[in-house]
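Data block for upload25.txt (compact mmCIF, C-alpha atoms):
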# COMPACT_ATOMS: atom_id res chain seq x y z
CA MET F 22 -6.19 0.68 14.54
CA PHE F 23 -6.90 0.44 10.83
CA ILE F 24 -5.71 3.21 8.56
CA GLY F 25 -6.44 2.65 4.90
CA ALA F 26 -4.07 3.44 2.07
CA LEU F 27 -4.96 3.90 -1.56
CA TYR F 28 -5.02 0.84 -3.82
CA PRO F 29 -3.49 1.33 -7.27
CA CYS F 30 -6.19 1.21 -9.92
CA PRO F 31 -5.69 3.12 -13.18
CA LEU F 32 -9.40 2.75 -13.96
CA HIS F 33 -10.11 4.92 -10.90
CA GLY F 34 -7.21 7.29 -11.53
CA ILE F 35 -5.00 5.93 -8.73
CA SER F 36 -1.46 5.22 -9.87
CA GLU F 37 1.08 3.04 -8.11
CA ASP F 38 2.92 6.25 -7.20
CA ASP F 39 -0.29 7.58 -5.61
CA ALA F 40 -0.70 4.39 -3.59
CA ILE F 41 2.89 4.43 -2.31
CA ALA F 42 2.59 8.16 -1.53
CA SER F 43 -0.53 7.43 0.54
CA ILE F 44 1.49 5.04 2.70
CA HIS F 45 4.18 7.67 3.17
CA ARG F 46 1.44 10.13 4.23
CA ILE F 47 0.19 7.62 6.79
CA PHE F 48 3.74 7.26 8.12
CA LYS F 49 4.08 11.03 8.34
CA ASN F 50 0.66 11.98 9.71
CA ASP F 51 -0.98 9.02 11.41
CA ALA F 52 1.35 6.21 12.45
CA ALA F 53 5.13 6.10 12.68
CA PRO F 54 6.69 3.34 10.55
CA GLU F 55 8.29 1.76 13.63
CA ASP F 56 4.80 1.31 15.11
CA ILE F 57 3.58 -0.69 12.10
CA ALA F 58 3.98 -4.46 12.42
CA ALA F 59 2.61 -5.37 9.00
CA ILE F 60 0.92 -4.09 5.89
CA VAL F 61 -1.98 -6.28 4.83
CA ILE F 62 -2.94 -6.17 1.18
CA GLU F 63 -5.37 -8.02 -1.03
CA PRO F 64 -3.18 -8.66 -4.11
CA VAL F 65 -6.24 -9.30 -6.25
CA GLN F 66 -9.33 -7.33 -5.30
CA GLY F 67 -12.35 -9.21 -6.56
CA GLU F 68 -15.24 -7.74 -4.59
CA GLY F 69 -15.59 -4.46 -6.49
CA GLY F 70 -14.26 -5.70 -9.82
CA PHE F 71 -11.14 -7.64 -10.67
CA TYR F 72 -8.11 -5.50 -9.86
CA ALA F 73 -4.74 -7.23 -9.60
CA SER F 74 -1.68 -5.50 -8.18
CA SER F 75 1.23 -5.42 -10.57
CA PRO F 76 4.41 -7.29 -9.66
CA ALA F 77 6.23 -3.93 -9.76
CA PHE F 78 3.86 -2.46 -7.15
CA MET F 79 4.24 -5.50 -4.90
CA GLN F 80 8.04 -5.18 -5.16
CA ARG F 81 7.85 -1.49 -4.23
CA LEU F 82 5.63 -2.32 -1.27
CA ARG F 83 8.05 -5.07 -0.16
CA ALA F 84 10.97 -2.62 -0.42
CA LEU F 85 9.05 -0.08 1.66
CA CYS F 86 8.38 -2.70 4.34
CA ASP F 87 12.02 -3.81 4.31
CA GLU F 88 13.15 -0.20 4.63
CA HIS F 89 11.08 0.23 7.79
CA GLY F 90 11.39 -3.28 9.22
CA SER F 91 7.74 -4.26 8.67
CA CYS F 92 6.47 -7.64 7.53
For the structure just supplied, provide its representation as structure tokens.
Amino acid sequence: MFIGALYPCPLHGISEDDAIASIHRIFKNDAAPEDIAAIVIEPVQGEGGFYASSPAFMQRLRALCDEHGSC
């Protein structure tokens, strides 16, 4: 099953906090964290522009995965 989360992009009004909150919403409403094996992310989105994730966002995402035992 694929459930999409928001990608942080200030140009589109999506903050890093919004993106992390969208993952928490998925954990709450759609898929329990213990049922998630991995979070797959494109660190630099190039198809619809050139949007690079900040190191701070990637660290927050890593911490979230570590908290829940995901890769």
message = For a test of reading the model, state the distance in Å between CA of Arg83 (chain F) and CA of Pro64 (chain F), rounded to one decimal.
response =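 Separating CA of Arg83 (chain F) from CA of Pro64 (chain F) is a distance of 12.4 Å.
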request  = Considering all atoms listed in the file, return as an NGL selection string whatever protein or nucleic-acid residues lie within 12 Å of Ala53 (chain F), sequence-local ones (same chain, fewer than 3 positions apart) excluded.
outcome  = :F and (24 or 44-50 or 56-58 or 89-91)
message = Under the rule that all atoms listed in the file are counted, which of F:Ala26, F:Ala52, F:Cys86, F:Ala73 is the nearest residue to Asp38 (chain F)?
response =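 Result for the nearest residue to Asp38 (chain F): F:Ala26.
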ask   = Between CA of Asp51 (chain F) and CA of Pro31 (chain F), what is the distance, to one decimal in Å?
value =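 It comes out at 25.7 Å.
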ask   = Of the candidates F:Ala77, F:Leu27, F:Ile60, F:Val65, which one gets nearest to Ile41 (chain F) if we count all atoms listed in the file?
value =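 Answer, going by the shortest atom-to-atom distance: F:Leu27.
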key: Two-atom distance - CA of Tyr72 (chain F), CA of Ala40 (chain F) (Å)   = 13.9 Å
Centre, edges in Å (one decimal): axis-aligned box, region 80-91 of chain F, 8 Å padding on all six sides, as JSON:
{"center_x": 9.4, "center_y": -2.5, "center_z": 2.0, "size_x": 23.5, "size_y": 21.4, "size_z": 30.4}
